[in-house]
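J.: Pasting a structure below so you can have a look.
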Amino acid sequence: MARFTLPRDIYFGKGSLDVLKSIKGQRAIVVVGGGSMKRFGFLDTVENNLKEAGLEVKLIEGVEPDPSVETVMKGAAVMSEFKPDWIVSIGGGSPIDAAKAMWIFYEHPEAKFEEVAKPFNIPHLRNKARFIAIPSTSGTATEVTAFSVITDYAKGIKYPLADFEITPDIAILDPALAETMPKKLTAHTGMDALTHATEAYVASARSDFSDPLALKAIEMIVKNLVASYNGDKEARDKMHIAQCLAGMAFSNALLGITHSLAHKTGAIFHIPHGCANAIYLPYVIQYNQKACAERYAEIAKHIHLPGKNTSELVESYLQLLNKLNKTMEIPSTLKEYGIAEDDFTKNLDRIANNAVEDACTGCNPRPTTASDFKKLLQAIYYGNRVDF
Ligand SMILES: NC(=O)c1ccc[n+]([C@@H]2O[C@H](COP(=O)([O-])OP(=O)(O)OC[C@H]3O[C@@H](n4cnc5c(N)ncnc54)[C@H](O)[C@@H]3O)[C@@H](O)[C@H]2O)c1
Ligand SMILES: [Fe+2]
């Protein structure tokens, strides 16, 4: 038996924040990040719309990028005091993911983080509150996914919490929120979305439901990402939809080892998530093609890349990814990113061992051991072709 789960409602298009004016409930807690949503006036709109709906509103502000377990626990305590029946999260992946995790510990104060971090082990939610997600970046698609990525800084590990319990009830995709993203954030989040769609298309849990979403997302991202990066508003709006389609695919098909590596290096080297994925994806495709070259070739064919046979088509897709990275000034190796060699060497074993344990490793099309991860990381650091 397989399962395919999405939010019940997805509101999209300019002005879709208006739907908040008709939410029925008593109290809404709004979880937000460092200030961009306030600065651009979107937080006020959300607050005012919820008040117009007759709800009492409280804010949890200042969620940091790559939110910590401590931030989650603090937020859950504020929720326990305020007792919201709606949790509304607005911003990038970080505040929305933090809000999802706060939701778990608000509903289940007795739950233990280590238990919740085990894949598909989150207790039943929605006894106290339902969840609305409003993304302001075009990448993570956390507004439609069953994931929340929380960092344990003491252990230096990013945990992807995974369970359909935390798939939001309502996603609101107003492209106006993403129009304020600076160039670098647009590049990183856009490559995160392309990685989601590519990994979902080859993941072992893919299905006939997820495949068309992944392909459509790839088609739209390839067409719009560079224009969006260069400030084209229409392309920026398309990217907001495309990343969400990719999210619908990967939330159900799951991901692969590009993400395992991004999670495990991200917490140690502080590389932005999308940037890490953008660097690693070409190497992972070189590694995975021994298991699923035809699937990558299908992607290449779908977007009309040249190639007379499977390996030429895979090569075309690799070239496209490298070109996208170059155009958007994303480095092609970890060394070029600026990680010092001794820092890399010192952490190599730890990252490789942690990556095996990552929730995304199990769905990768090719099984991967700690020693494979080590070799992959070395290729990624020095920029060597993966030929094992
Ligand atoms: N839950 C999932 O399914 C999922 C999937 C992929 C990644 N993630 C996680 O999401 C996090 C990354 O999220 P992200 O890439 O959206 O970035 P983010 O939420 O960490 O935000 C990065 C920075 O961009 C700013 N920002 C956000 N929106 C803006 C806007 N519209 N204009 C100007 N500035 C803006 C923020 O204030 C912040 O400083 C990572 O922790 C990653 O691991 C989660
Ligand atoms: Fe991601």
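Chain labels A, B, ... are given in the sequence in which chains occur in the structure tokens; within each chain residues are numbered consecutively from 1, and ligands are likewise numbered from 1 in the order shown.
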Once you count only C-alpha atoms and all ligand atoms, which residues end up within 8 Å of ligand 2, and could you hand them over as a PyMOL selection string?

T.: chain A and resi 139-140+192-193+195-196+259+273-274+277

J.: Once you have the residues from the selection above, write them out as an mmCIF file, in the first residue's frame, restricted to N, CA and C atoms.

T.:
```cif
data_model
loop_
_atom_site.group_PDB
_atom_site.id
_atom_site.type_symbol
_atom_site.label_atom_id
_atom_site.label_comp_id
_atom_site.auth_asym_id
_atom_site.auth_seq_id
_atom_site.Cartn_x
_atom_site.Cartn_y
_atom_site.Cartn_z
ATOM 1 N N GLY A 139 11.398 27.593 -2.850
ATOM 2 C CA GLY A 139 12.331 26.473 -2.841
ATOM 3 C C GLY A 139 11.925 25.301 -1.986
ATOM 4 N N THR A 140 11.809 25.504 -0.679
ATOM 5 C CA THR A 140 11.642 24.344 0.207
ATOM 6 C C THR A 140 10.307 23.636 0.004
ATOM 7 N N ASP A 192 17.357 24.432 -4.852
ATOM 8 C CA ASP A 192 16.780 23.479 -3.887
ATOM 9 C C ASP A 192 15.557 22.816 -4.532
ATOM 10 N N ALA A 193 14.710 23.651 -5.157
ATOM 11 C CA ALA A 193 13.495 23.118 -5.792
ATOM 12 C C ALA A 193 13.837 22.159 -6.939
ATOM 13 N N THR A 195 16.493 20.379 -7.192
ATOM 14 C CA THR A 195 17.000 19.155 -6.558
ATOM 15 C C THR A 195 15.838 18.309 -6.035
ATOM 16 N N HIS A 196 14.832 18.966 -5.435
ATOM 17 C CA HIS A 196 13.664 18.215 -4.954
ATOM 18 C C HIS A 196 13.019 17.433 -6.093
ATOM 19 N N HIS A 259 20.214 15.371 -0.558
ATOM 20 C CA HIS A 259 19.685 15.981 0.663
ATOM 21 C C HIS A 259 20.346 15.430 1.928
ATOM 22 N N HIS A 273 21.134 25.712 2.655
ATOM 23 C CA HIS A 273 20.622 24.421 2.193
ATOM 24 C C HIS A 273 20.583 24.295 0.659
ATOM 25 N N GLY A 274 20.007 25.293 0.003
ATOM 26 C CA GLY A 274 19.864 25.215 -1.456
ATOM 27 C C GLY A 274 21.208 25.250 -2.164
ATOM 28 N N ASN A 277 22.762 21.791 -1.935
ATOM 29 C CA ASN A 277 22.136 20.886 -2.915
ATOM 30 C C ASN A 277 22.643 21.172 -4.325
#
```

J.: Name the residues in contact with A:Phe120 at a cut-off of 12 Å, using only C-alpha atoms, excluding same-chain residues fewer than 3 positions from it; report them as a list in words.

T.: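 Result of the neighbour search: Glu115, Val116, Ala117, Pro123, His124, Ala146, Phe147, Ser148, Pro160, Leu161, Ala162, Asp163, Phe164, Glu165, Ile166, Thr167 and Ala359 of chain A.
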
J.: Give me, as an MDAnalysis selection string, the set of residues whose atoms come within 8 Å of any atom of ligand 1, counting only C-alpha atoms and all ligand atoms.

T.: chainID A and resid 33:37 64:67 91:97 135:151 158 160 177:182 185 188:189 192:193 196 247 251 262:263 266 272:274

J.: Which of these residues is nearest to A:Ser22, using only C-alpha atoms: A:Arg39, A:Lys51, A:Lys238, A:Lys323?

T.: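 Going through A:Arg39, A:Lys51, A:Lys238, A:Lys323 one by one, the smallest distance to A:Ser22 is for A:Lys51.
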
J.: Do you have the atom CA of A:His108-atom CA of A:Ala267 distance handy?

T.: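 Value for the atom CA of A:His108-atom CA of A:Ala267 distance: 26.5 Å.
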
J.: From the DSSP assignment of the backbone, select every residue of stretch 111-291 of chain A that is helix (DSSP H, G or I), and format the answer as an MDAnalysis selection string.

T.: chainID A and resid 113:116 164:166 175:180 183:202 210:229 233:253 257:269 273:291

J.: Would you output that residue set with C-alpha atoms, as a JSON list (two decimals), in the first residue's frame?

T.:
```json
[["chain", "number", "residue", "atom", "x", "y", "z"],
["A", 113, "PHE", "CA", 12.59, 15.01, 20.22],
["A", 114, "GLU", "CA", 14.59, 11.82, 19.55],
["A", 115, "GLU", "CA", 11.37, 9.83, 19.13],
["A", 116, "VAL", "CA", 9.74, 12.44, 16.91],
["A", 164, "PHE", "CA", 2.20, 13.25, 6.94],
["A", 165, "GLU", "CA", 0.87, 14.49, 10.31],
["A", 166, "ILE", "CA", 2.82, 17.73, 9.72],
["A", 175, "PRO", "CA", 3.87, 35.30, -5.31],
["A", 176, "ALA", "CA", 4.16, 38.90, -4.05],
["A", 177, "LEU", "CA", 5.98, 37.53, -0.97],
["A", 178, "ALA", "CA", 8.72, 35.96, -3.08],
["A", 179, "GLU", "CA", 9.25, 39.06, -5.23],
["A", 180, "THR", "CA", 11.35, 40.65, -2.49],
["A", 183, "LYS", "CA", 19.37, 37.36, -6.03],
["A", 184, "LYS", "CA", 21.42, 34.89, -4.02],
["A", 185, "LEU", "CA", 18.41, 33.60, -2.10],
["A", 186, "THR", "CA", 16.53, 33.22, -5.40],
["A", 187, "ALA", "CA", 19.39, 31.15, -6.82],
["A", 188, "HIS", "CA", 19.80, 28.92, -3.77],
["A", 189, "THR", "CA", 16.11, 28.27, -3.16],
["A", 190, "GLY", "CA", 15.50, 27.70, -6.89],
["A", 191, "MET", "CA", 18.24, 25.06, -7.03],
["A", 192, "ASP", "CA", 16.78, 23.48, -3.89],
["A", 193, "ALA", "CA", 13.49, 23.12, -5.79],
["A", 194, "LEU", "CA", 15.24, 21.64, -8.84],
["A", 195, "THR", "CA", 17.00, 19.15, -6.56],
["A", 196, "HIS", "CA", 13.66, 18.22, -4.95],
["A", 197, "ALA", "CA", 12.07, 17.48, -8.32],
["A", 198, "THR", "CA", 15.11, 15.59, -9.65],
["A", 199, "GLU", "CA", 15.53, 13.47, -6.52],
["A", 200, "ALA", "CA", 11.77, 12.79, -6.35],
["A", 201, "TYR", "CA", 11.78, 11.57, -9.97],
["A", 202, "VAL", "CA", 14.38, 8.89, -9.23],
["A", 210, "SER", "CA", 4.54, 12.04, -8.11],
["A", 211, "ASP", "CA", 6.21, 11.63, -11.54],
["A", 212, "PRO", "CA", 4.11, 14.19, -13.48],
["A", 213, "LEU", "CA", 4.51, 16.75, -10.70],
["A", 214, "ALA", "CA", 8.29, 16.30, -10.69],
["A", 215, "LEU", "CA", 8.57, 16.58, -14.47],
["A", 216, "LYS", "CA", 6.33, 19.66, -14.66],
["A", 217, "ALA", "CA", 8.35, 21.29, -11.87],
["A", 218, "ILE", "CA", 11.65, 20.59, -13.66],
["A", 219, "GLU", "CA", 10.26, 21.98, -16.92],
["A", 220, "MET", "CA", 9.08, 25.19, -15.23],
["A", 221, "ILE", "CA", 12.25, 25.67, -13.17],
["A", 222, "VAL", "CA", 14.56, 25.19, -16.15],
["A", 223, "LYS", "CA", 12.46, 27.72, -18.08],
["A", 224, "ASN", "CA", 12.15, 30.35, -15.35],
["A", 225, "LEU", "CA", 14.94, 30.15, -12.76],
["A", 226, "VAL", "CA", 17.61, 32.28, -14.45],
["A", 227, "ALA", "CA", 15.05, 34.92, -15.50],
["A", 228, "SER", "CA", 13.71, 34.94, -11.95],
["A", 229, "TYR", "CA", 17.28, 35.35, -10.66],
["A", 233, "LYS", "CA", 8.67, 39.26, -12.07],
["A", 234, "GLU", "CA", 6.63, 36.88, -14.21],
["A", 235, "ALA", "CA", 9.37, 34.24, -14.00],
["A", 236, "ARG", "CA", 9.60, 34.83, -10.23],
["A", 237, "ASP", "CA", 5.85, 34.15, -9.92],
["A", 238, "LYS", "CA", 6.16, 30.95, -11.99],
["A", 239, "MET", "CA", 8.99, 29.76, -9.74],
["A", 240, "HIS", "CA", 6.70, 30.10, -6.72],
["A", 241, "ILE", "CA", 4.30, 27.60, -8.32],
["A", 242, "ALA", "CA", 7.05, 25.35, -9.72],
["A", 243, "GLN", "CA", 8.74, 24.86, -6.35],
["A", 244, "CYS", "CA", 5.37, 23.91, -4.86],
["A", 245, "LEU", "CA", 4.81, 21.25, -7.56],
["A", 246, "ALA", "CA", 8.27, 19.88, -6.75],
["A", 247, "GLY", "CA", 7.25, 19.80, -3.09],
["A", 248, "MET", "CA", 4.07, 17.85, -3.84],
["A", 249, "ALA", "CA", 6.24, 15.32, -5.65],
["A", 250, "PHE", "CA", 8.99, 14.91, -3.06],
["A", 251, "SER", "CA", 6.73, 14.99, -0.02],
["A", 252, "ASN", "CA", 5.34, 11.71, -1.32],
["A", 253, "ALA", "CA", 8.19, 10.25, -3.39],
["A", 257, "ILE", "CA", 21.41, 11.45, -0.88],
["A", 258, "THR", "CA", 21.90, 14.98, -2.24],
["A", 259, "HIS", "CA", 19.68, 15.98, 0.66],
["A", 260, "SER", "CA", 21.35, 13.59, 3.12],
["A", 261, "LEU", "CA", 24.65, 15.34, 2.35],
["A", 262, "ALA", "CA", 23.12, 18.83, 2.44],
["A", 263, "HIS", "CA", 21.59, 18.12, 5.87],
["A", 264, "LYS", "CA", 24.75, 16.68, 7.34],
["A", 265, "THR", "CA", 27.24, 19.20, 5.92],
["A", 266, "GLY", "CA", 24.83, 22.12, 6.44],
["A", 267, "ALA", "CA", 24.89, 21.85, 10.23],
["A", 268, "ILE", "CA", 28.70, 21.62, 10.36],
["A", 269, "PHE", "CA", 29.88, 24.02, 7.65],
["A", 273, "HIS", "CA", 20.62, 24.42, 2.19],
["A", 274, "GLY", "CA", 19.86, 25.21, -1.46],
["A", 275, "CYS", "CA", 23.47, 26.11, -2.20],
["A", 276, "ALA", "CA", 24.65, 22.78, -0.76],
["A", 277, "ASN", "CA", 22.14, 20.89, -2.92],
["A", 278, "ALA", "CA", 23.16, 22.83, -6.01],
["A", 279, "ILE", "CA", 26.82, 21.91, -5.49],
["A", 280, "TYR", "CA", 26.16, 18.21, -4.70],
["A", 281, "LEU", "CA", 23.43, 17.26, -7.21],
["A", 282, "PRO", "CA", 25.70, 16.81, -10.29],
["A", 283, "TYR", "CA", 28.03, 14.50, -8.33],
["A", 284, "VAL", "CA", 25.12, 12.50, -6.95],
["A", 285, "ILE", "CA", 23.70, 12.03, -10.46],
["A", 286, "GLN", "CA", 27.11, 10.72, -11.59],
["A", 287, "TYR", "CA", 26.99, 8.27, -8.68],
["A", 288, "ASN", "CA", 23.32, 7.28, -9.06],
["A", 289, "GLN", "CA", 23.41, 6.79, -12.81],
["A", 290, "LYS", "CA", 24.69, 3.26, -12.25],
["A", 291, "ALA", "CA", 21.26, 2.54, -10.74]]
```

J.: Mind checking which residues fall within 6 Å of A:Asp169, counting only C-alpha atoms, ignoring those fewer than 5 positions away in the same chain, and posting them as a VMD selection string?

T.: chain A and resid 7 to 8 131

J.: Write out as a ChimeraX atom specification all residues of stretch 73-249 of chain A that DSSP puts in strand (DSSP E) for this structure's backbone.

T.: /A:86-91,130-135,147-152,157-162,170-173

J.: Measuring atom to atom with only C-alpha atoms, identify which of A:Asp152, A:Asp387, A:Glu336, A:Asp343 is nearest to A:Ser68.

T.: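 When distances to A:Ser68 are compared using only C-alpha atoms, the smallest one comes from A:Asp152.
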
J.: Using only C-alpha atoms, which of the listed residues (A:Leu254, A:Cys360, A:Ala171, A:Ile29) sits closest to A:Asp9?

T.: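 Distance minimum relative to A:Asp9 lands on A:Ala171.
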
J.: Nearest to A:Tyr382 among A:Glu294, A:Glu315, A:Glu341, A:Asp232, with distances taken over only C-alpha atoms: which residue is it?

T.: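 Checking each candidate against A:Tyr382, we get A:Glu341 as the closest.
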
J.: For A:Gly75, list every protein, DNA or RNA residue within 8 Å, evaluated using only C-alpha atoms, and leave out those in the same chain fewer than 3 positions away; present the list as a ChimeraX atom specification.

T.: /A:60,71-72,78-79,99,102

J.: May I have the residues from that selection written out with N, CA and C atoms, as an mmCIF file, in the first residue's frame?

T.:
```cif
data_model
loop_
_atom_site.group_PDB
_atom_site.id
_atom_site.type_symbol
_atom_site.label_atom_id
_atom_site.label_comp_id
_atom_site.auth_asym_id
_atom_site.auth_seq_id
_atom_site.Cartn_x
_atom_site.Cartn_y
_atom_site.Cartn_z
ATOM 1 N N ILE A 60 5.009 34.896 17.284
ATOM 2 C CA ILE A 60 6.314 34.375 17.712
ATOM 3 C C ILE A 60 7.291 34.851 16.645
ATOM 4 N N THR A 71 14.742 26.672 19.913
ATOM 5 C CA THR A 71 13.716 27.593 19.388
ATOM 6 C C THR A 71 12.371 26.891 19.324
ATOM 7 N N VAL A 72 12.391 25.640 18.901
ATOM 8 C CA VAL A 72 11.154 24.865 18.781
ATOM 9 C C VAL A 72 10.503 24.699 20.159
ATOM 10 N N VAL A 78 5.246 28.780 24.391
ATOM 11 C CA VAL A 78 4.404 29.970 24.168
ATOM 12 C C VAL A 78 3.023 29.525 23.666
ATOM 13 N N MET A 79 3.012 28.537 22.780
ATOM 14 C CA MET A 79 1.737 28.034 22.261
ATOM 15 C C MET A 79 0.899 27.414 23.389
ATOM 16 N N ALA A 99 7.716 26.230 13.022
ATOM 17 C CA ALA A 99 6.317 26.232 13.467
ATOM 18 C C ALA A 99 5.733 24.825 13.432
ATOM 19 N N MET A 102 7.065 23.117 16.460
ATOM 20 C CA MET A 102 6.412 23.658 17.667
ATOM 21 C C MET A 102 5.029 23.038 17.829
#
```

J.: So which residues touch A:Gly307 within 7 Å, counting only C-alpha atoms, skipping near sequence neighbours fewer than 3 positions away, as a list in words?

T.: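 Within the cut-off, the hits are Glu312, Leu313 and Ser316 of chain A.
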
J.: One decimal, Å: what's the distance from atom CA of A:Tyr296 over to atom CA of A:Val386, could you say?

T.: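 About the pair atom CA of A:Tyr296 and atom CA of A:Val386: they are 16.0 Å apart.
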
J.: Name the closest residue to A:Glu70 among the candidates A:Ala379, A:Ala154, A:Met1, A:Ala111; distances are taken between atoms, counting only C-alpha atoms.

T.: A:Ala154

J.: Excluding A:Val314 and residues on its chain fewer than 5 positions from it, collect all residues at most 8 Å away from it, counting only C-alpha atoms, and give them as a ChimeraX atom specification.

T.: /A:293,296-297,300

J.: Those same residues, written as a PDB file, in the first residue's frame with C-alpha atoms?

T.:
```
ATOM      1  CA  ALA A 293      20.461   6.399 -15.749  1.00  0.00           C
ATOM      2  CA  TYR A 296      17.690  10.944 -15.625  1.00  0.00           C
ATOM      3  CA  ALA A 297      17.581  10.454 -19.404  1.00  0.00           C
ATOM      4  CA  ALA A 300      16.548  15.261 -20.184  1.00  0.00           C
TER       5      ALA A 300
END
```

J.: Could you please determine the separation between atom CA of A:Ala53 and atom CA of A:Lys14 in Å, to one decimal place?

T.: 19.6 Å
